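Q: Sharing target-v4.cif (mmCIF, C-alpha atoms) below.
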```cif
data_upload
loop_
_atom_site.label_atom_id
_atom_site.label_comp_id
_atom_site.auth_asym_id
_atom_site.auth_seq_id
_atom_site.Cartn_x
_atom_site.Cartn_y
_atom_site.Cartn_z
CA MET D 1 -54.04 156.87 176.76
CA PRO D 2 -51.88 153.78 176.47
CA THR D 3 -50.66 153.95 180.03
CA LYS D 4 -52.93 154.25 182.98
CA GLU D 5 -51.60 155.23 186.37
CA ARG D 6 -53.20 153.16 189.08
CA ASP D 7 -53.66 153.53 192.80
CA ALA D 8 -50.61 152.81 194.94
CA GLY D 9 -49.81 149.11 194.92
CA GLU D 10 -51.49 148.47 191.58
CA ARG D 11 -49.42 147.84 188.49
CA GLU D 12 -49.18 150.23 185.61
CA ARG D 13 -51.39 149.12 182.73
CA CYS D 14 -50.88 148.77 179.03
CA VAL D 15 -54.26 149.88 177.74
CA THR D 16 -54.83 147.57 174.78
CA GLY D 17 -57.27 149.99 173.11
CA ILE D 18 -59.71 147.13 172.61
CA ASP D 19 -62.40 148.55 174.87
CA ALA D 20 -64.02 145.32 175.95
CA ILE D 21 -60.72 143.66 176.83
CA ASP D 22 -59.59 146.70 178.82
CA HIS D 23 -62.93 146.62 180.60
CA ILE D 24 -62.61 142.90 181.43
CA LEU D 25 -59.07 143.47 182.71
CA ASN D 26 -60.07 146.50 184.80
CA GLY D 27 -57.94 148.90 182.78
CA GLY D 28 -55.69 146.86 180.53
CA ILE D 29 -52.86 144.33 180.60
CA PRO D 30 -50.42 144.89 183.48
CA ARG D 31 -47.42 146.54 181.82
CA GLY D 32 -44.66 144.09 180.91
CA ASN D 33 -46.81 140.98 181.04
CA THR D 34 -46.24 138.23 178.51
CA VAL D 35 -49.63 136.99 177.38
CA LEU D 36 -50.41 133.85 175.44
CA ILE D 37 -53.15 134.34 172.83
CA SER D 38 -54.29 130.81 172.33
CA GLY D 39 -56.79 129.43 169.87
CA SER D 40 -57.52 127.34 166.82
CA VAL D 41 -57.55 128.64 163.26
CA GLY D 42 -59.97 131.40 162.27
CA THR D 43 -60.77 132.51 165.79
CA GLY D 44 -59.36 136.04 165.51
CA LYS D 45 -55.95 135.76 167.19
CA THR D 46 -53.97 137.62 164.54
CA SER D 47 -56.57 140.36 164.03
CA MET D 48 -56.70 141.00 167.76
CA CYS D 49 -52.91 141.17 167.98
CA ILE D 50 -52.64 143.57 165.06
CA GLU D 51 -55.29 145.81 166.59
CA PHE D 52 -53.32 145.77 169.86
CA LEU D 53 -50.24 147.00 168.00
CA ILE D 54 -52.01 149.64 165.91
CA ARG D 55 -53.82 151.05 168.96
CA GLY D 56 -50.50 151.25 170.79
CA ALA D 57 -48.73 152.89 167.86
CA LEU D 58 -51.52 155.45 167.56
CA GLU D 59 -50.84 156.37 171.17
CA GLY D 60 -47.14 156.77 170.49
CA GLU D 61 -45.91 153.35 171.67
CA ASN D 62 -43.43 151.66 169.36
CA SER D 63 -44.96 148.36 168.30
CA LEU D 64 -43.39 145.33 166.64
CA TYR D 65 -44.98 142.34 164.93
CA LEU D 66 -42.76 139.31 164.40
CA SER D 67 -44.26 137.04 161.80
CA VAL D 68 -43.19 133.43 161.65
CA THR D 69 -45.89 131.63 159.75
CA GLU D 70 -46.50 133.90 156.78
CA PRO D 71 -44.66 136.75 155.07
CA THR D 72 -45.86 140.11 156.36
CA ASP D 73 -46.70 141.31 152.81
CA LYS D 74 -49.21 138.49 152.49
CA LEU D 75 -50.44 138.98 156.04
CA LEU D 76 -51.12 142.68 155.49
CA MET D 77 -53.06 141.97 152.31
CA ASN D 78 -55.48 139.78 154.25
CA VAL D 79 -55.80 141.77 157.43
CA ILE D 80 -59.06 143.55 158.25
CA PRO D 81 -59.03 147.13 156.88
CA PHE D 82 -59.34 148.80 160.26
CA ASP D 83 -60.94 152.26 160.17
CA PHE D 84 -58.38 153.55 162.65
CA PHE D 85 -55.28 152.35 160.76
CA ASP D 86 -52.99 155.12 159.62
CA ASP D 87 -50.30 154.52 156.95
CA LYS D 88 -48.07 157.04 158.69
CA LEU D 89 -47.52 154.62 161.60
CA ALA D 90 -45.35 152.34 159.49
CA LYS D 91 -43.56 155.23 157.78
CA GLN D 92 -42.74 156.79 161.16
CA GLY D 93 -41.48 153.45 162.43
CA LYS D 94 -44.08 153.34 165.19
CA LEU D 95 -45.47 150.12 163.76
CA GLN D 96 -43.02 147.57 162.39
CA PHE D 97 -43.53 144.20 160.77
CA VAL D 98 -40.58 141.84 160.62
CA ASP D 99 -40.39 138.33 159.17
CA LEU D 100 -38.68 136.07 161.69
CA PRO D 101 -37.24 133.80 158.95
CA LYS D 102 -35.09 136.77 157.90
CA ILE D 103 -33.74 136.96 161.44
CA TYR D 104 -33.03 133.22 161.36
CA GLN D 105 -31.04 133.83 158.21
CA GLU D 106 -29.06 136.71 159.69
CA LEU D 107 -28.25 134.60 162.75
CA GLY D 108 -27.18 131.65 160.65
CA ILE D 109 -29.98 129.46 161.94
CA ASP D 110 -30.30 127.31 158.88
CA LYS D 111 -30.91 123.84 160.28
CA GLU D 112 -34.39 122.54 160.89
CA GLU D 113 -33.78 122.17 164.62
CA ILE D 114 -32.73 125.13 166.75
CA ASP D 115 -30.17 124.13 169.37
CA PHE D 116 -29.75 125.51 172.90
CA GLU D 117 -27.27 128.25 171.96
CA GLN D 118 -29.25 129.32 168.90
CA ALA D 119 -32.43 129.54 170.97
CA ARG D 120 -30.63 131.80 173.44
CA LEU D 121 -29.22 133.87 170.58
CA LEU D 122 -32.69 134.25 169.11
CA ALA D 123 -34.16 135.38 172.45
CA ASP D 124 -31.30 137.85 172.92
CA THR D 125 -31.70 139.19 169.37
CA ILE D 126 -35.41 139.84 169.89
CA ALA D 127 -34.62 141.45 173.25
CA GLY D 128 -32.00 143.60 171.52
CA MET D 129 -34.53 144.80 168.93
CA VAL D 130 -36.93 145.69 171.73
CA GLU D 131 -34.25 147.62 173.58
CA ASN D 132 -32.72 149.42 170.59
CA GLN D 133 -36.02 150.46 169.09
CA LYS D 134 -37.74 151.15 172.41
CA ILE D 135 -40.51 148.69 171.62
CA ARG D 136 -43.40 148.83 174.09
CA ARG D 137 -45.67 146.28 172.43
CA LEU D 138 -44.57 143.07 170.80
CA VAL D 139 -46.44 140.29 169.04
CA LEU D 140 -44.81 136.97 168.16
CA ASP D 141 -47.06 135.15 165.69
CA SER D 142 -46.70 132.36 166.39
CA VAL D 143 -44.68 131.13 169.33
CA THR D 144 -45.85 127.63 168.39
CA SER D 145 -43.94 127.79 165.10
CA VAL D 146 -40.77 128.87 166.90
CA CYS D 147 -41.21 126.07 169.44
CA TYR D 148 -41.66 123.54 166.63
CA ARG D 149 -38.10 124.29 165.58
CA ILE D 150 -36.71 124.33 169.11
CA LYS D 151 -38.45 120.99 169.73
CA ASP D 152 -37.00 120.07 173.13
CA GLN D 153 -39.15 121.07 176.13
CA GLU D 154 -36.17 122.19 178.21
CA ARG D 155 -34.89 124.40 175.44
CA ILE D 156 -38.36 125.84 174.90
CA ARG D 157 -38.62 126.58 178.61
CA ASP D 158 -35.24 128.32 178.59
CA PHE D 159 -36.09 130.34 175.46
CA LEU D 160 -39.45 131.53 176.77
CA LEU D 161 -38.15 132.27 180.24
CA ARG D 162 -35.24 134.27 178.86
CA LEU D 163 -37.42 136.17 176.42
CA GLY D 164 -40.21 136.84 178.93
CA THR D 165 -37.81 138.06 181.61
CA VAL D 166 -36.03 140.50 179.32
CA LEU D 167 -39.24 141.85 177.76
CA SER D 168 -40.83 142.33 181.15
CA ALA D 169 -37.75 144.13 182.49
CA LYS D 170 -37.94 146.53 179.55
CA GLY D 171 -41.62 147.24 180.16
CA CYS D 172 -42.60 145.65 176.85
CA THR D 173 -46.04 144.06 176.89
CA SER D 174 -46.01 141.00 174.65
CA LEU D 175 -48.57 138.80 173.01
CA LEU D 176 -47.40 135.34 171.99
CA VAL D 177 -49.76 133.61 169.59
CA SER D 178 -50.33 129.94 170.39
CA GLU D 179 -51.90 127.76 167.73
CA ILE D 180 -53.87 124.84 169.08
CA ARG D 181 -56.27 122.38 167.55
CA SER D 182 -59.88 122.75 168.68
CA SER D 183 -59.69 119.24 170.10
CA GLU D 184 -56.48 119.96 172.01
CA GLU D 185 -56.52 120.12 175.80
CA GLY D 186 -54.68 123.00 177.45
CA TYR D 187 -53.75 126.31 175.86
CA SER D 188 -50.50 125.52 174.10
CA HIS D 189 -49.00 122.76 172.00
CA TRP D 190 -46.00 122.10 174.28
CA GLY D 191 -47.61 122.91 177.62
CA VAL D 192 -44.60 124.99 178.63
CA GLU D 193 -45.88 128.20 177.04
CA GLU D 194 -48.98 128.55 179.20
CA ALA D 195 -47.07 127.77 182.39
CA LEU D 196 -44.57 130.55 181.77
CA ALA D 197 -46.95 133.20 180.48
CA ASP D 198 -48.31 135.89 182.80
CA GLY D 199 -51.64 135.74 181.06
CA VAL D 200 -53.67 133.43 178.87
CA ILE D 201 -56.41 134.66 176.54
CA VAL D 202 -58.25 131.90 174.72
CA THR D 203 -60.16 132.35 171.49
CA GLY D 204 -62.35 129.60 170.17
CA ASN D 205 -65.35 128.44 168.22
CA LEU D 206 -68.49 127.52 170.07
CA GLU D 207 -71.16 125.53 168.31
CA ARG D 208 -74.67 126.13 169.56
CA ARG D 209 -77.58 124.56 167.77
CA GLY D 210 -75.70 124.60 164.49
CA ASP D 211 -74.46 128.18 164.82
CA LEU D 212 -70.73 128.75 165.11
CA LEU D 213 -69.80 131.61 167.41
CA ARG D 214 -66.32 133.08 167.87
CA THR D 215 -65.53 133.27 171.57
CA LEU D 216 -62.94 134.83 173.85
CA GLN D 217 -62.13 134.07 177.47
CA ILE D 218 -59.43 135.49 179.71
CA VAL D 219 -58.29 132.50 181.71
CA LYS D 220 -55.35 134.01 183.54
CA MET D 221 -53.79 137.44 183.97
CA ARG D 222 -51.23 138.11 186.65
CA GLY D 223 -51.35 141.52 188.27
CA THR D 224 -55.05 142.27 187.94
CA THR D 225 -58.45 140.96 188.86
CA HIS D 226 -60.58 140.09 185.86
CA SER D 227 -63.70 138.36 184.62
CA ARG D 228 -63.18 134.75 183.54
CA ALA D 229 -66.50 134.61 181.70
CA LYS D 230 -66.78 133.65 178.06
CA TYR D 231 -67.59 136.38 175.52
CA VAL D 232 -68.67 136.30 171.89
CA LEU D 233 -66.34 138.12 169.55
CA ASP D 234 -66.76 139.92 166.25
CA LEU D 235 -63.96 141.12 164.01
CA THR D 236 -65.02 144.41 162.47
CA THR D 237 -63.45 147.36 160.75
CA SER D 238 -63.95 149.22 164.05
CA GLY D 239 -61.86 146.56 165.76
CA VAL D 240 -62.60 143.59 167.97
CA LEU D 241 -66.00 143.79 169.64
CA LEU D 242 -67.19 141.55 172.47
CA VAL D 243 -70.51 140.84 174.13
CA PRO D 244 -71.26 138.36 176.91
CA LEU D 245 -72.10 134.82 175.83
CA LEU D 246 -75.76 134.24 176.57
CA LYS D 247 -76.32 131.30 178.87
CA GLY D 248 -80.02 130.75 178.58
CA GLY D 249 -79.91 128.38 175.64
CA SER D 250 -78.77 124.81 175.50
CA VAL D 251 -75.05 124.85 174.88
CA THR D 252 -73.34 121.86 173.35
CA GLY D 253 -69.67 121.44 172.64
CA GLY D 254 -66.68 123.34 173.96
CA GLY D 255 -64.88 126.22 172.54
CA MET L 256 -105.35 160.19 163.54
CA SER L 257 -103.31 158.09 161.12
CA VAL L 258 -101.27 155.18 162.45
CA SER L 259 -97.99 156.84 161.45
CA GLY L 260 -99.05 160.08 163.14
CA GLU L 261 -100.10 158.24 166.27
CA VAL L 262 -96.77 156.36 166.49
CA ALA L 263 -94.74 159.53 165.97
CA GLU L 264 -96.76 161.46 168.52
CA LYS L 265 -96.59 158.77 171.20
CA LEU L 266 -92.86 158.20 170.73
CA SER L 267 -92.23 161.94 170.92
CA THR L 268 -93.56 162.09 174.46
CA LEU L 269 -90.91 159.63 175.70
CA ARG L 270 -87.73 160.70 177.42
CA GLU L 271 -84.35 159.72 175.93
CA ALA L 272 -83.06 156.23 176.65
CA SER L 273 -86.57 154.83 176.91
CA ALA L 274 -87.29 151.23 176.01
CA VAL L 275 -90.72 150.88 174.46
CA ALA L 276 -92.88 147.92 173.58
CA LEU L 277 -94.87 148.86 170.47
CA ARG L 278 -97.91 146.55 170.27
CA LEU L 279 -99.59 146.68 166.90
CA LYS L 280 -101.70 144.74 164.44
CA THR L 281 -100.20 143.33 161.28
CA VAL L 282 -102.21 145.75 159.12
CA GLN L 283 -100.62 148.68 160.94
CA TYR L 284 -97.08 147.44 160.34
CA PHE L 285 -95.82 149.61 157.47
CA ASP L 286 -97.63 152.73 158.67
CA ALA L 287 -96.01 152.25 162.09
CA ILE L 288 -92.57 151.95 160.47
CA GLN L 289 -93.19 155.13 158.51
CA GLY L 290 -94.28 157.02 161.60
CA MET L 291 -91.31 155.83 163.56
CA LEU L 292 -88.61 156.35 160.94
CA ASP L 293 -89.88 159.19 158.78
CA ARG L 294 -91.58 161.32 161.39
CA PHE L 295 -90.17 160.52 164.84
CA ALA L 296 -86.53 159.67 164.05
CA MET L 297 -86.14 162.39 161.41
CA LYS L 298 -87.56 165.05 163.70
CA LYS L 299 -85.31 163.99 166.56
CA ASN L 300 -82.30 163.69 164.24
CA LEU L 301 -81.65 160.10 165.28
CA GLU L 302 -79.39 157.44 163.76
CA VAL L 303 -81.61 154.39 163.31
CA VAL L 304 -80.48 150.77 163.66
CA TYR L 305 -83.34 148.59 162.46
CA VAL L 306 -83.01 144.90 163.35
CA THR L 307 -85.27 142.80 161.20
CA THR L 308 -85.97 139.20 162.07
CA THR L 309 -89.37 139.22 160.41
CA ILE L 310 -88.93 140.10 156.75
CA PRO L 311 -85.74 140.48 154.71
CA ALA L 312 -84.00 143.86 154.68
CA GLN L 313 -84.66 144.06 150.95
CA SER L 314 -88.43 144.15 151.57
CA ILE L 315 -88.03 146.87 154.18
CA LEU L 316 -85.77 148.84 151.87
CA SER L 317 -88.32 148.56 149.06
CA ALA L 318 -91.09 149.69 151.39
CA LEU L 319 -89.04 152.64 152.61
CA GLU L 320 -88.35 153.59 149.01
CA VAL L 321 -92.06 153.55 148.19
CA LEU L 322 -92.78 155.58 151.32
CA GLU L 323 -89.99 157.98 150.27
CA VAL L 324 -88.21 157.66 153.60
CA PRO L 325 -84.62 158.95 153.28
CA MET L 326 -82.08 156.20 154.06
CA ASP L 327 -79.13 158.41 155.05
CA HIS L 328 -79.40 157.65 158.77
CA ILE L 329 -81.08 154.25 158.67
CA TRP L 330 -79.08 151.01 159.02
CA LEU L 331 -80.51 147.54 158.80
CA VAL L 332 -79.38 144.39 160.55
CA ASP L 333 -80.90 141.59 158.51
CA CYS L 334 -81.22 138.36 160.50
CA ILE L 335 -83.54 136.52 158.18
CA SER L 336 -82.28 136.64 154.56
CA GLN L 337 -79.42 134.22 155.14
CA ILE L 338 -81.53 131.61 156.89
CA MET L 339 -84.13 131.88 154.11
CA MET L 340 -81.34 131.28 151.58
CA SER L 341 -82.72 134.24 149.66
CA GLN L 342 -80.61 135.94 147.05
CA ALA L 343 -80.42 139.23 148.91
CA LYS L 344 -78.87 142.10 147.03
CA GLN L 345 -76.15 143.72 149.07
CA HIS L 346 -77.05 147.19 150.24
CA PRO L 347 -74.55 149.60 151.79
CA HIS L 348 -76.95 150.24 154.67
CA ALA L 349 -77.70 146.59 155.43
CA ILE L 350 -75.59 144.02 157.24
CA ILE L 351 -76.34 140.36 157.66
CA VAL L 352 -76.56 138.19 160.74
CA GLU L 353 -76.61 134.54 159.74
CA SER L 354 -79.62 133.56 161.79
CA PRO L 355 -82.04 135.04 164.34
CA THR L 356 -80.67 132.44 166.77
CA MET L 357 -77.32 134.24 166.79
CA LEU L 358 -78.47 136.73 169.38
CA GLU L 359 -74.98 137.71 170.46
CA ASN L 360 -74.15 138.60 166.86
CA ILE L 361 -77.21 140.84 166.72
CA MET L 362 -75.85 142.71 169.76
CA LEU L 363 -72.44 142.92 168.13
CA LYS L 364 -73.82 144.37 164.89
CA VAL L 365 -75.87 146.94 166.80
CA GLU L 366 -72.75 147.88 168.75
CA PHE L 367 -70.75 148.11 165.52
CA LEU L 368 -73.27 150.42 163.87
CA LEU L 369 -73.62 152.63 166.93
CA ARG L 370 -69.85 152.96 167.14
CA LYS L 371 -69.81 154.23 163.58
CA HIS L 372 -71.89 157.21 164.63
CA PRO L 373 -70.82 158.05 168.16
CA ASP L 374 -71.89 161.68 167.98
CA ARG L 375 -75.54 161.10 167.18
CA SER L 376 -78.36 159.90 169.39
CA ALA L 377 -79.81 156.61 168.29
CA LEU L 378 -83.01 154.66 167.92
CA VAL L 379 -82.73 150.86 167.86
CA VAL L 380 -85.74 148.97 166.53
CA LEU L 381 -86.27 145.26 167.15
CA ASP L 382 -88.70 143.89 164.59
CA SER L 383 -90.06 141.76 166.14
CA ILE L 384 -90.12 139.95 169.44
CA ASN L 385 -92.64 137.50 167.96
CA SER L 386 -90.31 136.29 165.24
CA LEU L 387 -87.37 136.17 167.65
CA ALA L 388 -89.55 133.98 169.87
CA ILE L 389 -90.07 131.53 167.00
CA HIS L 390 -86.33 130.89 166.80
CA ASN L 391 -85.25 131.21 170.44
CA ASN L 392 -86.44 129.87 173.76
CA THR L 393 -87.82 132.24 176.36
CA LYS L 394 -84.82 132.05 178.69
CA ILE L 395 -82.20 133.05 176.15
CA LEU L 396 -84.47 135.64 174.55
CA SER L 397 -85.18 137.29 177.92
CA GLU L 398 -81.46 137.35 178.67
CA PHE L 399 -80.75 138.89 175.27
CA LEU L 400 -83.39 141.59 175.67
CA HIS L 401 -82.25 142.36 179.20
CA ILE L 402 -78.60 142.86 178.18
CA LEU L 403 -79.36 144.69 174.93
CA VAL L 404 -81.91 147.08 176.38
CA ASN L 405 -79.79 147.92 179.41
CA ASN L 406 -76.79 148.52 177.20
CA LEU L 407 -78.80 150.84 174.94
CA ARG L 408 -80.30 152.61 177.93
CA ALA L 409 -76.81 153.28 179.26
CA ARG L 410 -75.90 154.79 175.88
CA GLY L 411 -78.96 157.02 175.93
CA ALA L 412 -80.49 155.30 172.89
CA TYR L 413 -84.20 154.73 172.36
CA THR L 414 -85.25 151.11 171.97
CA VAL L 415 -88.50 150.14 170.27
CA ILE L 416 -89.55 146.50 170.37
CA PHE L 417 -92.27 145.51 167.93
CA SER L 418 -94.86 143.02 169.09
CA MET L 419 -97.57 141.89 166.71
CA LEU L 420 -100.78 141.51 168.69
CA GLU L 421 -101.96 138.54 166.64
CA TYR L 422 -98.89 136.52 167.61
CA GLU L 423 -98.42 137.54 171.22
CA THR L 424 -98.15 134.86 173.86
CA GLU L 425 -98.08 135.08 177.64
CA ASP L 426 -94.30 134.60 177.57
CA ILE L 427 -93.86 137.48 175.15
CA ARG L 428 -96.02 139.78 177.26
CA ASN L 429 -93.96 138.89 180.34
CA MET L 430 -90.70 139.62 178.51
CA LEU L 431 -91.98 142.98 177.32
CA VAL L 432 -92.99 143.94 180.85
CA LEU L 433 -89.56 142.91 182.10
CA VAL L 434 -87.54 145.11 179.74
CA SER L 435 -89.78 148.00 178.69
CA ASP L 436 -90.30 151.33 180.40
CA GLU L 437 -93.46 152.00 178.41
CA THR L 438 -95.96 150.15 176.28
CA ILE L 439 -97.58 151.79 173.30
CA GLU L 440 -100.65 150.12 171.92
CA LEU L 441 -102.07 151.50 168.70
CA GLY L 442 -105.76 152.26 168.29
CA ASP L 443 -107.91 150.66 165.60
#
```
Written as C-alpha cells, how would this file's structure read?
A:
Amino acid sequence: MPTKERDAGERERCVTGIDAIDHILNGGIPRGNTVLISGSVGTGKTSMCIEFLIRGALEGENSLYLSVTEPTDKLLMNVIPFDFFDDKLAKQGKLQFVDLPKIYQELGIDKEEIDFEQARLLADTIAGMVENQKIRRLVLDSVTSVCYRIKDQERIRDFLLRLGTVLSAKGCTSLLVSEIRSSEEGYSHWGVEEALADGVIVTGNLERRGDLLRTLQIVKMRGTTHSRAKYVLDLTTSGVLLVPLLKGGSVTGGG
Amino acid sequence: MSVSGEVAEKLSTLREASAVALRLKTVQYFDAIQGMLDRFAMKKNLEVVYVTTTIPAQSILSALEVLEVPMDHIWLVDCISQIMMSQAKQHPHAIIVESPTMLENIMLKVEFLLRKHPDRSALVVLDSINSLAIHNNTKILSEFLHILVNNLRARGAYTVIFSMLEYETEDIRNMLVLVSDETIELGD
C-alpha cells in the first residue's frame, strides 16, 4: 500500500516501496515531504528515484519524472530493467516522463540565466502540472541543473520555497536530485537546497581497502524518527537493496 | 556410510532456520557438496544459494555437472573469480562479487537471489569460513556472519558454513560457536 495510516499524531506516510528505506524511515517518507537525494555520479540517485516512481505508480499514485540533464528517451534506454516495471503504467498515464527543457521552451525561458519572475513561473508551472494531473510523487532530476540557471542564491531560495510549499500542500512527495562532487562538503551545490528540504538522503562511494562500495545514509527526515546509520547499496533488477555497512574493518576515506 | 549420505542424513535432522557449522576434511569436500545439494536440498525442495570464496563458480559448476546434480534450483555467488582475474564464463546461475572482502555485497547478492524466489524455502551455503578468514579480519568477519545468519534465520532459511579442518584456527572455531546452532563433524 502506498499510504500507511499511522497512530494519532503521526503523519501519513508515502511508502516508497523500497523495503529497506521504508524500514529505516519507520514506514516511509512523511507524505508531502520534499527530500533531497544528494550524491556524486554513479551512486544510484536516478535509479532509486525511478524505482520510487514506478512503485508508486504500481500502487495507483500518479508519478512524474522531470528530467533536466538528459532526454528521457536516452535515460530510459540506460535505466535498470526492473522486474516490476510494467509498460502499461506509462500508457495509462500513471507514470510520466517530461523533459524540463521543453517546459523552458513553452514558457519562453530562452536565456541562459533564469530571472526572478521566470523562476516563479517555472515553480508555478510545475505546481500546476502536479495539481492538474493529481501527481502524488514527483522527481526533479536534477535540482542542481535548474539552480545553475537560476544562479542567484536568493532566487534559488524563493524558487525552492515556493515549489516545496505548493507540492507539500498538494500532498505530493518529491525527490529533488542534488549532484555534488565527492570532495564537496555539505549535501548540495548551493547550500540552499539542503536547508529548505524536509529530508536529505545521501548516496556515496566508500573506499575500503581498495574496494569501492555504494552507500546510502538518511541524514535528515522531518516528521519521523529514523536510523542515521550508513548502509551499503546495490542496484538490482529487483530494485534497490540495502544492508548495514560493516564496521569491524578499517575504514578509510569518506563517502 | 558414505560422506554424502552422512551429510544428507545429519542435515535432515535439523529444524528449519538452523545455522550449521559443517567441519570437514579437504578430501571430503566434493562428496559433502553432493550430499548437501543433491540429496538434502533436493529432498527438502530447497532453493540453494551457494557462496563460494574458495574455488571459482566454474569449478563448482563443472563438479556438479560430473556429479549429475540438477542446477535448476542452485545459484552461485562467486567471490573469487574476479580477484583471481580468471576468464570466467558467464553462467545464468552464477553472479559475481568482486572480492571476498566485499562482505556487504555478498549479503546483498544473497538477498537478491532469495527475493527472486520468495515462495520457496532456502539453503544458503558459505564455502568457506577459512577462505573468508584469509581475506578479512576476525572482527569484520564475525560481524558479517552475525548479521547474515540472523537475517537468514529470520527468513526461515538453513545456513551451512563450511570449515575445513586442516585450516581451522582458534578464531574460526570461536566464530562458528558464536553463530551456529549446531556443529556437524564428518567421520573418517
Q: Enumerate, as a list in words, the residues matched when the PyMOL selection byres ((chain L and resi 294) around 9) is run on the file above.
A: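 That selection, the PyMOL selection byres ((chain L and resi 294) around 9), comes back as Ser259, Gly260, Val262, Ala263, Glu264, Gln289, Gly290, Met291, Leu292, Asp293, Phe295, Ala296, Met297, Lys298 and Lys299 of chain L.
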Q: Calculate how many Å separate CA of Thr307 in chain L from CA of Lys394 in chain L, rounding to one decimal.
A: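 Computing it gives 20.5 Å between the two atoms.
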Q: Show me, as an MDAnalysis selection string, the residues that have an atom within 10 Å of range 215-228 of chain D when counting all atoms listed in the file, minus same-chain residues fewer than 2 positions from it.
A: chainID D and resid 10:13 21:31 33:39 43:45 187 194 197:206 212:213 230:234 242:245 255
Q: One number please: CA of Arg137 in chain D to CA of Ala229 in chain D, in Å, one decimal.
A: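 A separation of 25.6 Å between them.
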Q: For CA of His401 in chain L and CA of Tyr305 in chain L, quote the distance in Å rounded to one decimal.
A: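 If I compute the distance from CA of His401 in chain L to CA of Tyr305 in chain L, I get 17.9 Å.
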Q: With all atoms listed in the file as the atoms that count, which of D:Lys88, D:Lys111, D:Lys102, D:Arg120 lies nearest to Glu70 in chain D?
A: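 The shortest atom-to-atom distance to Glu70 in chain D comes from D:Lys102.
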Q: Rank nothing, just name the residue among L:Ile389, L:Ile361, L:Ile335, L:Val258 nearest to Leu403 in chain L, using all atoms listed in the file.
A: L:Ile361
Q: With only C-alpha atoms considered, list every residue of chain L at most 9 Å from chain D, as a CSV table (one decimal) with C-alpha atoms, in the frame of the given file.
A:
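The file below, selection37.csv, is the result:
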```
chain,number,residue,atom,x,y,z
L,353,GLU,CA,-76.6,134.5,159.7
L,354,SER,CA,-79.6,133.6,161.8
L,356,THR,CA,-80.7,132.4,166.8
L,357,MET,CA,-77.3,134.2,166.8
L,358,LEU,CA,-78.5,136.7,169.4
L,359,GLU,CA,-75.0,137.7,170.5
L,360,ASN,CA,-74.2,138.6,166.9
L,362,MET,CA,-75.8,142.7,169.8
L,363,LEU,CA,-72.4,142.9,168.1
L,364,LYS,CA,-73.8,144.4,164.9
L,366,GLU,CA,-72.8,147.9,168.8
L,367,PHE,CA,-70.8,148.1,165.5
L,370,ARG,CA,-69.8,153.0,167.1
L,371,LYS,CA,-69.8,154.2,163.6
L,391,ASN,CA,-85.2,131.2,170.4
L,392,ASN,CA,-86.4,129.9,173.8
L,393,THR,CA,-87.8,132.2,176.4
L,394,LYS,CA,-84.8,132.0,178.7
L,395,ILE,CA,-82.2,133.0,176.2
L,396,LEU,CA,-84.5,135.6,174.6
L,397,SER,CA,-85.2,137.3,177.9
L,398,GLU,CA,-81.5,137.4,178.7
L,399,PHE,CA,-80.8,138.9,175.3
L,402,ILE,CA,-78.6,142.9,178.2
```
Q: Check what the PyMOL selection byres ((chain D and resi 52) around 12) selects in the file above and give those residues as number ranges by chain.
A: D: 2, 14-19, 21-22, 28-29, 37, 45-51, 53-59, 61-65, 82, 84-85, 95, 136-139, 173-175, 239-240
Q: Tell me which of D:Glu185, D:Glu112, D:Asp124, D:Asp86 sits closest to Gly164 in chain D, counting only C-alpha atoms.
A: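 Ranking D:Glu185, D:Glu112, D:Asp124, D:Asp86 by distance to Gly164 in chain D, first place goes to D:Asp124.
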Q: Any chance you could resolve the PyMOL selection byres ((chain L and resi 301) around 12) against this file and give the residues as a ChimeraX atom specification?
A: /L:271,291-300,302-305,326-330,369,372-380,411-414
Q: Show me, as JSON, numbers by chain, the residues that have an atom within 7 Å of Ala123 in chain D when counting only C-alpha atoms, minus same-chain residues fewer than 6 positions from it.
A: {"D": [159, 162, 163]}
Q: Restricting the calculation to all atoms listed in the file: of D:Thr72, D:Gln96, D:Leu66, D:Ser145, which residue gets closest to Ile126 in chain D?
A: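 Result for the nearest residue to Ile126 in chain D: D:Leu66.
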Q: What's around Phe116 in chain D at 10 Å? Count all atoms listed in the file, leave out sequence neighbours fewer than 2 positions away in its own chain, and write the answer as a list in words.
A: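 The residues satisfying every condition are Glu113, Ile114, Gln118, Ala119, Arg120, Leu121, Leu122, Ile150, Asp152, Glu154, Arg155, Ile156, Asp158 and Phe159 of chain D.
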Q: Which residues come within 9 Å of Trp190 in chain D, counting only C-alpha atoms, excluding same-chain residues fewer than 5 positions away, as a PyMOL selection string?
A: chain D and resi 144+147-148+151+153+156
Q: I'd like the contact shell of Thr309 in chain L - 10 Å cut-off, all atoms listed in the file, skipping same-chain residues fewer than 4 positions apart - returned as a ChimeraX atom specification.
A: /L:315,333-336,355,381-387
